[in-house]
>>> print(open('model13.cif').read())   # mmCIF, C-alpha atoms
data_start
loop_
_atom_site.label_atom_id
_atom_site.label_comp_id
_atom_site.auth_asym_id
_atom_site.auth_seq_id
_atom_site.Cartn_x
_atom_site.Cartn_y
_atom_site.Cartn_z
CA MET T 20 208.86 139.75 70.86
CA THR T 21 208.74 136.10 69.67
CA ASP T 22 205.47 134.29 68.82
CA SER T 23 204.48 131.15 70.64
CA PRO T 24 206.13 128.13 69.20
CA GLY T 25 204.26 126.40 66.33
CA PHE T 26 204.69 124.68 63.06
CA ALA T 27 204.44 126.12 59.63
CA PRO T 28 201.60 124.58 57.58
CA ASP T 29 204.08 123.09 55.14
CA SER T 30 206.68 122.02 57.68
CA PRO T 31 207.48 118.32 58.21
CA PHE T 32 206.43 118.55 61.81
CA ALA T 33 202.93 119.69 60.83
CA GLU T 34 202.56 116.81 58.41
CA ARG T 35 203.64 114.34 61.07
CA ARG T 36 201.17 115.79 63.55
CA LYS T 37 198.35 115.54 61.00
CA LYS T 38 199.21 111.92 60.36
CA ALA T 39 199.36 111.16 64.07
CA CYS T 40 195.97 112.77 64.64
CA SER T 41 194.51 110.93 61.65
CA ILE T 42 195.79 107.59 62.94
CA GLN T 43 194.48 108.36 66.41
CA LEU T 44 191.08 109.25 64.99
CA GLN T 45 190.97 106.04 62.93
CA LEU T 46 191.82 104.00 66.00
CA ARG T 47 189.05 105.69 67.93
CA ARG T 48 186.61 105.00 65.11
CA GLN T 49 187.62 101.33 64.96
CA HIS T 50 187.37 101.01 68.73
CA SER T 51 183.91 102.61 68.76
CA ALA T 52 182.71 100.44 65.90
CA ALA T 53 184.02 97.30 67.63
CA GLN T 54 182.19 98.27 70.82
CA VAL T 55 178.96 98.77 68.90
CA ARG T 56 179.32 95.43 67.14
CA ARG T 57 179.98 93.62 70.42
CA ARG T 58 176.98 95.23 72.10
CA ASN T 59 174.72 94.55 69.13
CA THR T 60 175.90 90.92 69.05
CA ALA T 61 175.37 90.47 72.80
CA PHE T 62 171.90 91.96 72.56
CA ALA T 63 170.98 89.76 69.58
CA GLN T 64 172.25 86.65 71.40
CA ALA T 65 170.29 87.52 74.55
CA HIS T 66 167.16 88.13 72.53
CA TYR T 67 167.70 84.87 70.64
CA ILE T 68 167.98 82.93 73.92
CA ILE T 69 164.79 84.55 75.22
CA PHE T 70 163.02 83.72 71.98
CA LEU T 71 164.15 80.06 72.12
CA THR T 72 162.94 79.83 75.70
CA HIS T 73 159.54 81.09 74.61
CA VAL T 74 159.46 78.58 71.76
CA LYS T 75 160.36 75.77 74.17
CA PHE T 76 157.53 76.65 76.52
CA PHE T 77 155.20 77.15 73.59
CA ILE T 78 155.86 73.64 72.26
CA ARG T 79 155.54 72.11 75.75
CA PHE T 80 152.23 73.74 76.49
CA LEU T 81 150.83 73.61 72.98
CA SER T 82 147.19 72.62 72.95
CA ASN T 83 143.96 73.43 71.20
CA ASN T 84 143.12 76.33 73.44
CA PHE T 85 142.21 79.94 72.89
CA ILE T 86 144.95 81.18 75.21
CA ILE T 87 147.58 79.55 73.01
CA SER T 88 146.41 81.80 70.15
CA ILE T 89 147.19 84.84 72.30
CA VAL T 90 150.67 83.44 72.98
CA ILE T 91 151.30 83.01 69.26
CA LEU T 92 150.28 86.61 68.52
CA SER T 93 152.55 87.86 71.33
CA ILE T 94 155.54 85.97 69.96
CA ILE T 95 154.91 87.32 66.44
CA ARG T 96 154.70 90.87 67.77
CA LEU T 97 157.87 90.36 69.79
CA SER T 98 159.67 89.16 66.65
CA ASN T 99 158.45 92.23 64.70
CA ASN T 100 159.71 94.55 67.43
CA PHE T 101 163.07 92.84 67.28
CA GLU T 102 163.32 93.38 63.51
CA GLN T 103 162.38 97.05 63.92
CA SER T 104 165.04 97.46 66.61
CA LYS T 105 167.68 95.94 64.37
CA PHE T 106 166.68 98.27 61.52
CA ALA T 107 166.93 101.30 63.85
CA PHE T 108 170.41 100.25 64.95
CA VAL T 109 171.55 99.97 61.34
CA GLN T 110 170.17 103.42 60.52
CA VAL T 111 171.87 105.10 63.48
CA PHE T 112 175.13 103.29 62.82
CA LEU T 113 175.26 104.25 59.12
CA PHE T 114 174.28 107.86 59.85
CA GLN T 115 176.96 108.37 62.48
CA LYS T 116 179.56 106.59 60.40
CA ALA T 117 178.79 108.85 57.44
CA ASN T 118 179.19 111.95 59.60
CA ILE T 119 182.56 110.78 60.90
CA ILE T 120 183.88 109.83 57.47
CA ASN T 121 182.77 113.16 55.92
CA GLN T 122 184.80 115.24 58.43
CA PRO T 123 187.61 117.20 56.73
CA SER T 124 191.08 115.80 57.17
CA GLY T 125 193.36 117.38 59.70
CA ILE T 126 193.12 117.92 63.42
CA ALA T 127 189.72 116.78 64.72
CA SER T 128 187.61 119.44 66.37
CA ALA T 129 186.26 119.15 69.89
CA GLN T 130 182.82 118.32 68.47
CA THR T 131 184.28 115.54 66.29
CA LYS T 132 186.16 114.08 69.26
CA ARG T 133 182.91 113.81 71.23
CA ARG T 134 180.96 112.10 68.46
CA PRO T 135 181.98 108.53 69.28
CA GLN T 136 180.74 108.99 72.83
CA ASN T 137 177.50 110.62 71.66
CA PHE T 138 177.06 107.84 69.13
CA LEU T 139 177.52 105.14 71.78
CA GLY T 140 175.22 106.98 74.14
CA GLY T 141 172.50 107.03 71.51
CA ILE T 142 172.97 103.34 70.86
CA GLU T 143 172.84 102.56 74.59
CA THR T 144 169.65 104.62 74.98
CA THR T 145 168.02 102.78 72.07
CA MET T 146 169.16 99.40 73.43
CA LYS T 147 167.81 100.14 76.92
CA SER T 148 164.47 101.19 75.46
CA THR T 149 164.24 98.07 73.32
CA CYS T 150 165.36 95.79 76.18
CA CYS T 151 162.68 97.22 78.44
CA HIS T 152 160.12 96.69 75.69
CA THR T 153 161.35 93.10 75.24
CA ALA T 154 161.24 92.44 78.99
CA ARG T 155 157.63 93.65 79.18
CA PHE T 156 156.59 91.33 76.37
CA SER T 157 158.60 88.45 77.86
CA ALA T 158 156.80 88.87 81.17
CA LEU T 159 153.47 89.01 79.38
CA ILE T 160 154.21 85.82 77.47
CA LEU T 161 155.35 83.97 80.61
CA VAL T 162 152.12 84.96 82.38
CA LEU T 163 150.03 83.81 79.44
CA LEU T 164 151.95 80.52 79.24
CA THR T 165 151.35 79.90 82.93
CA ILE T 166 147.64 80.48 82.49
CA ALA T 167 147.64 78.21 79.46
CA ALA T 168 149.34 75.48 81.47
CA LEU T 169 146.68 75.71 84.15
CA PHE T 170 143.83 75.56 81.65
CA CYS T 171 145.35 72.87 79.48
CA GLY T 172 146.43 70.71 82.39
CA CYS T 173 149.92 70.20 80.95
CA SER T 174 152.75 69.23 83.27
CA ASP T 175 156.11 67.48 83.24
CA ALA T 176 155.03 65.10 86.04
CA PRO T 177 152.98 62.02 85.16
CA ASP T 178 149.33 61.96 86.04
CA CYS T 179 148.58 60.39 89.40
CA VAL T 180 144.86 59.91 88.87
CA THR T 181 143.94 56.24 88.80
CA THR T 182 140.91 55.23 86.78
CA PRO T 183 139.00 52.39 88.46
CA PRO T 184 139.29 49.21 86.38
CA PRO T 185 136.16 47.73 84.84
CA ALA T 186 134.38 45.12 86.87
CA SER T 187 134.51 42.44 84.19
CA CYS T 188 138.27 42.56 83.71
CA SER T 189 140.46 43.98 86.49
CA PRO T 190 143.95 44.81 85.22
CA VAL T 191 146.86 45.44 87.53
CA PRO T 192 146.98 49.25 87.92
CA THR T 193 150.43 49.63 86.37
CA ALA T 194 151.74 50.39 82.91
CA VAL T 195 151.27 46.99 81.29
CA PRO T 196 149.72 45.83 78.01
CA THR T 197 146.03 45.01 77.94
CA PRO T 198 145.59 42.23 80.51
CA VAL T 199 144.11 38.85 79.81
CA CYS T 200 140.72 38.68 81.47
CA SER T 201 140.48 35.85 83.98
CA ALA T 202 137.50 33.77 84.99
CA PRO T 203 135.59 34.60 88.20
CA ALA T 204 137.18 33.46 91.43
CA THR T 205 134.57 30.74 91.92
CA ALA T 206 135.94 27.62 90.27
CA ASP T 207 132.67 26.37 88.80
CA ALA T 208 132.87 23.37 86.52
CA ALA T 209 133.26 24.03 82.82
CA PRO T 210 130.22 23.35 80.61
CA ASP T 211 131.80 20.16 79.24
CA GLY T 212 132.81 19.00 82.74
CA LYS T 213 136.49 18.54 81.86
CA LYS T 214 139.09 18.96 84.59
CA VAL T 215 142.85 19.22 84.55
CA ASN T 216 145.47 18.52 87.20
CA LYS T 217 147.43 21.52 88.38
CA THR T 218 150.11 21.87 91.04
CA LEU T 219 149.02 24.21 93.83
CA TYR T 220 150.95 25.21 96.93
CA TYR T 221 149.57 25.00 100.47
CA LEU T 222 150.86 25.24 104.03
CA THR T 223 151.17 22.19 106.22
CA ASP T 224 150.26 22.16 109.91
CA GLU T 225 154.00 22.20 110.61
CA GLY T 226 154.35 25.48 108.65
CA TYR T 227 156.03 24.16 105.48
CA LEU T 228 155.01 24.88 101.90
CA LEU T 229 153.87 21.77 100.06
CA PRO T 230 153.11 21.29 96.34
CA VAL T 231 149.81 19.44 95.90
CA VAL T 232 148.32 18.18 92.65
CA ALA T 233 144.70 19.30 92.53
CA SER T 234 141.90 18.86 89.98
CA VAL T 235 140.74 22.18 88.53
CA PRO T 236 137.89 22.65 86.01
CA GLN T 237 139.16 23.43 82.53
CA GLN T 238 138.22 27.04 81.79
CA ALA T 239 139.45 30.31 80.37
CA GLY T 240 141.45 32.09 83.04
CA ILE T 241 142.40 28.89 84.83
CA ALA T 242 145.34 30.64 86.51
CA LYS T 243 142.97 32.79 88.56
CA ALA T 244 140.86 29.72 89.34
CA CYS T 245 143.97 28.02 90.74
CA LEU T 246 144.73 30.95 93.02
CA ALA T 247 141.08 30.98 94.09
CA LYS T 248 141.47 27.39 95.32
CA MET T 249 144.37 28.61 97.48
CA THR T 250 142.27 31.19 99.35
CA ALA T 251 141.00 30.49 102.87
CA SER T 252 137.32 30.36 102.03
CA ASP T 253 135.05 28.27 104.26
CA GLU T 254 134.78 25.57 101.61
CA ASN T 255 138.53 25.38 101.00
CA ARG T 256 139.38 25.36 104.72
CA ALA T 257 137.06 22.46 105.38
CA ALA T 258 138.53 20.38 102.54
CA LEU T 259 142.18 21.19 103.34
CA SER T 260 141.98 20.62 107.11
CA LYS T 261 141.21 16.94 106.55
CA ASN T 262 144.66 16.51 104.99
CA GLY T 263 146.62 18.66 107.43
CA LEU T 264 146.86 21.59 105.01
CA LYS T 265 146.05 25.31 105.14
CA ALA T 266 145.32 27.93 102.48
CA VAL T 267 147.99 30.58 102.04
CA ILE T 268 145.81 33.46 100.78
CA PRO T 269 143.65 34.99 103.54
CA GLN T 270 139.90 35.08 103.16
CA GLY T 271 138.44 38.25 101.64
CA THR T 272 141.43 38.91 99.36
CA GLU T 273 140.44 39.92 95.85
CA ILE T 274 142.68 38.48 93.13
CA GLN T 275 143.42 40.37 89.91
CA ILE T 276 145.74 38.74 87.41
CA SER T 277 147.07 39.40 83.92
CA ILE T 278 149.50 37.31 81.88
CA GLN T 279 151.54 38.87 79.08
CA ASN T 280 154.86 37.98 77.43
CA GLY T 281 155.72 35.28 79.96
CA GLU T 282 155.05 37.46 83.01
CA ALA T 283 152.10 37.02 85.36
CA ARG T 284 151.16 40.20 87.24
CA VAL T 285 149.04 39.57 90.32
CA ASN T 286 147.32 42.30 92.30
CA LEU T 287 146.09 41.24 95.76
CA VAL T 288 143.43 43.73 96.83
CA ASN T 289 142.37 44.11 100.48
CA LEU T 290 144.96 41.63 101.70
CA PRO T 291 144.81 41.59 105.53
CA VAL T 292 147.95 42.28 107.53
CA MET T 293 149.90 39.02 107.81
CA PRO T 294 151.11 37.77 111.23
CA ASP T 295 154.83 38.06 110.46
CA TYR T 296 157.53 38.27 107.83
CA ASP T 297 157.71 34.50 107.25
CA SER T 298 153.96 34.35 106.56
CA GLU T 299 154.31 37.00 103.88
CA GLN T 300 157.23 35.22 102.27
CA GLN T 301 155.31 31.94 102.22
CA LEU T 302 152.36 33.68 100.57
CA PHE T 303 154.59 35.17 97.87
CA ALA T 304 156.38 31.88 97.26
CA ALA T 305 153.11 29.93 97.01
CA VAL T 306 151.63 32.33 94.45
CA VAL T 307 154.82 32.54 92.38
CA ASN T 308 155.45 28.78 92.34
CA THR T 309 151.82 27.99 91.48
CA LEU T 310 151.80 30.32 88.49
CA THR T 311 155.25 29.30 87.22
CA GLU T 312 153.89 25.75 86.88
CA PHE T 313 152.10 27.06 83.76
CA ASP T 314 154.08 26.81 80.53
CA SER T 315 153.10 30.37 79.59
CA VAL T 316 154.51 31.90 82.81
CA GLU T 317 158.22 32.40 83.43
CA THR T 318 158.17 35.14 86.06
CA VAL T 319 155.63 36.60 88.47
CA SER T 320 155.20 40.12 89.87
CA ILE T 321 152.96 40.70 92.90
CA PHE T 322 151.30 43.98 93.87
CA LEU T 323 149.35 44.83 97.00
CA ASN T 324 146.45 47.19 96.25
CA GLY T 325 148.26 48.19 93.09
CA CYS T 326 151.57 49.02 94.84
CA ASN T 327 154.81 47.19 95.42
CA ASP T 328 155.80 49.01 98.60
CA ILE T 329 157.38 47.30 101.58
CA THR T 330 154.80 45.65 103.84
CA ALA T 331 154.30 46.29 107.54
CA ASN T 332 156.49 43.27 108.33
CA GLY T 333 159.32 44.38 106.04
CA SER T 334 158.61 42.20 103.00
CA LEU T 335 159.04 43.50 99.47
CA PRO T 336 156.57 41.95 97.00
CA PRO T 337 158.46 40.02 94.31
CA GLN T 338 158.93 41.61 90.90
CA LYS T 339 159.56 39.41 87.86
CA HIS T 340 160.53 36.58 90.19
CA GLY T 341 161.08 32.99 89.12
CA LYS T 342 160.30 29.85 91.10
CA TYR T 343 161.22 29.93 94.79
CA ALA T 344 163.29 27.28 96.54
CA LEU T 345 160.97 25.58 99.03
CA ASN T 346 161.62 25.37 102.77
CA VAL T 347 165.31 26.27 102.66
CA GLU T 348 167.15 24.46 105.42
CA ASN T 349 170.49 26.29 105.43
CA ALA T 350 169.89 29.69 103.91
CA GLU T 351 173.27 31.00 105.09
CA ILE T 352 175.08 28.57 102.78
CA ALA T 353 172.87 29.59 99.86
CA THR T 354 174.85 32.82 99.56
CA SER T 355 177.98 30.83 98.74
CA GLY T 356 178.86 30.95 95.07
CA SER T 357 179.72 27.26 94.80
CA ALA T 358 176.81 25.83 96.84
CA LYS T 359 174.11 24.05 94.82
CA PRO T 360 170.53 23.29 95.88
CA LEU T 361 169.24 19.78 96.50
CA THR T 362 165.57 18.95 97.09
CA LEU T 363 165.15 16.29 99.76
CA TYR T 364 161.85 14.78 100.97
CA PHE T 365 161.29 13.98 104.64
CA PRO T 366 158.07 12.72 106.25
CA ASN T 367 156.37 14.71 108.98
CA GLU T 368 156.05 13.22 112.45
CA SER T 369 152.75 11.55 111.67
CA GLY T 370 154.04 10.20 108.36
CA SER T 371 151.01 11.60 106.51
CA LEU T 372 152.93 14.02 104.29
CA MET T 373 156.28 14.14 102.50
CA ILE T 374 157.77 17.61 102.92
CA PRO T 375 160.28 18.96 100.34
CA ILE T 376 163.34 20.58 101.89
CA THR T 377 165.94 22.63 99.99
CA ARG T 378 169.46 22.01 101.20
CA TYR T 379 172.48 23.76 99.72
CA ALA T 380 175.55 21.58 99.46
CA GLU T 381 179.12 22.00 98.30
CA GLY T 382 180.63 19.65 95.76
CA SER T 383 178.83 17.08 93.64
CA THR T 384 175.04 16.93 93.36
CA ASP T 385 174.69 13.63 91.51
CA LEU T 386 172.26 10.87 92.56
CA TYR T 387 174.72 9.23 94.93
CA SER T 388 175.51 12.54 96.71
CA CYS T 389 171.82 13.36 96.90
CA ILE T 390 170.95 10.06 98.62
CA GLN T 391 173.85 10.64 101.00
CA GLN T 392 172.36 13.98 101.99
CA LEU T 393 168.97 12.31 102.50
CA ALA T 394 170.41 9.57 104.70
CA ALA T 395 172.09 12.20 106.87
CA GLY T 396 168.63 13.27 108.08
CA THR T 397 167.43 16.73 109.11
CA GLU T 398 167.04 18.73 112.30
CA LEU T 399 164.08 20.79 111.13
CA ARG T 400 161.14 20.75 113.55
CA GLY T 401 158.26 18.43 112.83
CA LEU T 402 160.21 16.24 110.40
CA ARG T 403 161.83 12.84 110.84
CA SER T 404 164.46 10.76 109.07
CA CYS T 405 163.80 7.27 107.69
CA PHE T 406 167.41 6.16 108.04
CA PRO T 407 169.01 5.02 111.29
CA GLU T 408 171.81 7.19 112.59
CA ASN T 409 175.27 6.47 111.10
CA THR T 410 173.77 4.73 108.05
CA LEU T 411 176.23 4.85 105.14
CA VAL T 412 175.23 5.02 101.48
CA LEU T 413 177.37 2.56 99.53
CA GLY T 414 175.80 3.14 96.13
CA ALA T 415 172.77 4.40 94.24
CA VAL T 416 171.90 3.67 90.60
CA ILE T 417 168.89 3.73 88.28
CA GLU T 418 168.68 0.92 85.72
CA ASN T 419 165.67 0.01 83.59
CA GLY T 420 163.38 2.12 85.75
CA ILE T 421 164.58 0.48 88.98
CA LEU T 422 166.33 2.53 91.65
CA THR T 423 168.68 0.41 93.75
CA VAL T 424 170.10 1.95 96.93
CA ASN T 425 172.95 0.06 98.64
CA LEU T 426 173.29 0.85 102.37
CA SER T 427 175.34 -0.25 105.33
CA SER T 428 174.07 -2.87 107.80
CA ASP T 429 172.62 -0.13 110.04
CA PHE T 430 169.64 -0.05 107.71
CA GLU T 431 168.61 -3.64 108.50
CA THR T 432 166.58 -2.44 111.48
CA VAL T 433 164.23 -0.61 109.13
CA ALA T 434 163.17 -3.92 107.55
CA ASN T 435 161.49 -4.89 110.82
CA ASP T 436 159.27 -1.78 110.68
CA ALA T 437 156.98 -1.97 107.66
CA GLY T 438 155.66 1.54 108.16
CA LEU T 439 159.14 3.07 108.42
CA LEU T 440 160.33 1.08 105.37
CA ASN T 441 157.38 2.40 103.37
CA LEU T 442 158.23 5.96 104.39
CA ALA T 443 161.88 5.38 103.42
CA THR T 444 160.76 4.11 100.02
CA GLN T 445 158.61 7.19 99.38
CA SER T 446 161.33 9.51 100.64
CA VAL T 447 163.97 7.98 98.34
CA LEU T 448 161.59 7.83 95.36
CA LEU T 449 160.55 11.50 95.51
CA THR T 450 164.12 12.65 96.11
CA ALA T 451 165.54 10.63 93.19
CA LEU T 452 162.82 11.43 90.60
CA PRO T 453 164.74 14.40 89.08
CA TYR T 454 167.52 11.97 88.08
CA GLY T 455 165.43 9.66 85.90
CA SER T 456 162.26 7.64 85.39
CA ILE T 457 161.67 5.32 88.36
CA ASN T 458 159.09 2.54 88.59
CA GLU T 459 160.47 0.58 91.55
CA VAL T 460 162.77 1.14 94.53
CA HIS T 461 164.99 -1.66 95.84
CA PHE T 462 167.19 -1.57 98.93
CA ALA T 463 170.37 -3.59 99.48
CA VAL T 464 172.51 -4.02 102.57
CA ASN T 465 176.24 -4.42 101.85
CA GLY T 466 175.36 -5.33 98.26
CA ILE T 467 172.79 -8.00 99.23
CA PRO T 468 169.14 -7.28 98.36
CA LEU T 469 167.14 -6.56 101.45
CA LYS T 470 164.59 -9.28 102.26
CA ILE T 471 161.20 -7.97 103.29
CA ASP T 472 158.92 -10.31 105.21
#
>>> encode(input="model13.cif", output="structure tokens")
Amino acid sequence: MTDSPGFAPDSPFAERRKKACSIQLQLRRQHSAAQVRRRNTAFAQAHYIIFLTHVKFFIRFLSNNFIISIVILSIIRLSNNFEQSKFAFVQVFLFQKANIINQPSGIASAQTKRRPQNFLGGIETTMKSTCCHTARFSALILVLLTIAALFCGCSDAPDCVTTPPPASCSPVPTAVPTPVCSAPATADAAPDGKKVNKTLYYLTDEGYLLPVVASVPQQAGIAKACLAKMTASDENRAALSKNGLKAVIPQGTEIQISIQNGEARVNLVNLPVMPDYDSEQQLFAAVVNTLTEFDSVETVSIFLNGCNDITANGSLPPQKHGKYALNVENAEIATSGSAKPLTLYFPNESGSLMIPITRYAEGSTDLYSCIQQLAAGTELRGLRSCFPENTLVLGAVIENGILTVNLSSDFETVANDAGLLNLATQSVLLTALPYGSINEVHFAVNGIPLKID
């Protein structure tokens, strides 16, 4: 009877089988070791991310508080546990590796074949235990950090609590440098009695903004004193009504102003609701243009009760705005890239005031073109033209302080009306002043000086 097939211990087939088993065992060892390294690396990376997150929150909420001390101790303990876990992994890994290496060569036994799985199982059990321990400490630290945040009052959002400004100097409640304290709103005379002329802006009875030169006592905070003269107090209303003017700032409005680095920041407190959109725009333009008359002011920002929100009538308070164009006649042309503004002066119906009008025109804006635009008249309500219809401008020149305007014969009828001729002279003078120094205005008809009786 023949034995079951096998290989003699010294046969070539036995040697080959031993080598194959040895190679297979080495591959299993390498595979197991690689798995352990990957798992250890993943665990270390996860723990490192958790630790960095704790450090981030710790720095954000750091404050001189007792609870922060508890957080620090928790983080230190967590770090110690991590080091102990790493040491345990190294011990288990070296022990198991030594057992595998010390196995006798040859065909691995069933117990040896199961060792990689047992080894990995032990590692997984240790990792799960340590991860649970880490999770408990992470939760504890997050709870402590939350409590610390509540006690310390730390937050990513800016504080919304507004501290009331001091009564003596009321800054605009926004992030600006220390404001310049202004004088009280009452424009009392300075101790030395000196006064200066300042350009203020008022409303006419026809509803147009008008620059008016007013005498203001010389004082510290004169900008606020100028705005105070533009409020509708009983005293100001009585003085302005005699000249057909109105104050633009409603009565009861508190004015706070600061000037820094060329910007004037004005806070209008308790401003009543304005009648309409145009009234709000006129108020903004009057304040901005009055303040930009000062050499130290280039732009103006206006706030209403400390905010720059849209008003009930849809106006947005100006922010860092320069001088406004006054009483724009053809705003639709102003959006054209090539249109240029011209300031023309027309008398009101009574002839008591000269109203500046901004007209945007294409082409040249020299003195001759400007006088042509003036002679063409205007259709705005409440204003009149000093030139008869179809009057042509034949020339306009300034020489030696004398402005000579040469017109067609249609202008001869104005010579018979002294009042109208006087208004025409004022209208031409104010319109032409930006082009040079003018002491006299002369009219000519077809090149011949106009004779005035």
>>> closest_residue(input="model13.cif", among="T:Asn262, T:Ser320, T:Asn465, T:Asn216", to="Val424 (chain T)", atoms="only C-alpha atoms")
T:Asn465
>>> closest_residue(input="model13.cif", among="T:Asp297, T:Glu312, T:Glu459, T:Asp385", to="Cys245 (chain T)", atoms="only C-alpha atoms")
T:Glu312
>>> closest_residue(input="model13.cif", among="T:Ser388, T:Gln275, T:Asn409, T:Ser260", to="Ala244 (chain T)", atoms="all atoms listed in the file")
T:Gln275
>>> axis_aligned_box(input="model13.cif", around="region 278-285 of chain T", padding_each_side="4 Å", output="JSON")
{"center_x": 152.4, "center_y": 37.7, "center_z": 83.9, "size_x": 14.7, "size_y": 12.9, "size_z": 20.9}
>>> closest_residue(input="model13.cif", among="T:Gly382, T:Gly271, T:Gly401, T:Gly263", to="Lys359 (chain T)", atoms="only C-alpha atoms")
T:Gly382
>>> resolve_selection(input="model13.cif", expression="the PyMOL selection byres ((chain T and resi 334-344) around 9)", output="PyMOL selection string")
chain T and resi 282-284+296-297+299-300+303-305+307-312+317-323+326-333+345-347+360+362+376-377
>>> atom_distance(input="model13.cif", atom1="CA of Val460 (chain T)", atom2="CA of Thr218 (chain T)")
24.5 Å
>>> atom_distance(input="model13.cif", atom1="CA of Ser428 (chain T)", atom2="CA of Tyr454 (chain T)")
25.5 Å
>>> residues_around(input="model13.cif", residues="Ala251 (chain T)", least_positions_apart="3", cutoff="9 Å", atoms="all atoms listed in the file", output="PyMOL selection string")
chain T and resi 247-248+254-256+265-271
>>> closest_residue(input="model13.cif", among="T:Pro230, T:Pro294, T:Gly212, T:Gly414", to="Tyr364 (chain T)", atoms="all atoms listed in the file")
T:Pro230
>>> closest_residue(input="model13.cif", among="T:Leu259, T:Val215, T:Leu440, T:Val285", to="Leu246 (chain T)", atoms="only C-alpha atoms")
T:Val285
>>> atom_distance(input="model13.cif", atom1="CA of Ala380 (chain T)", atom2="CA of Glu351 (chain T)")
11.2 Å
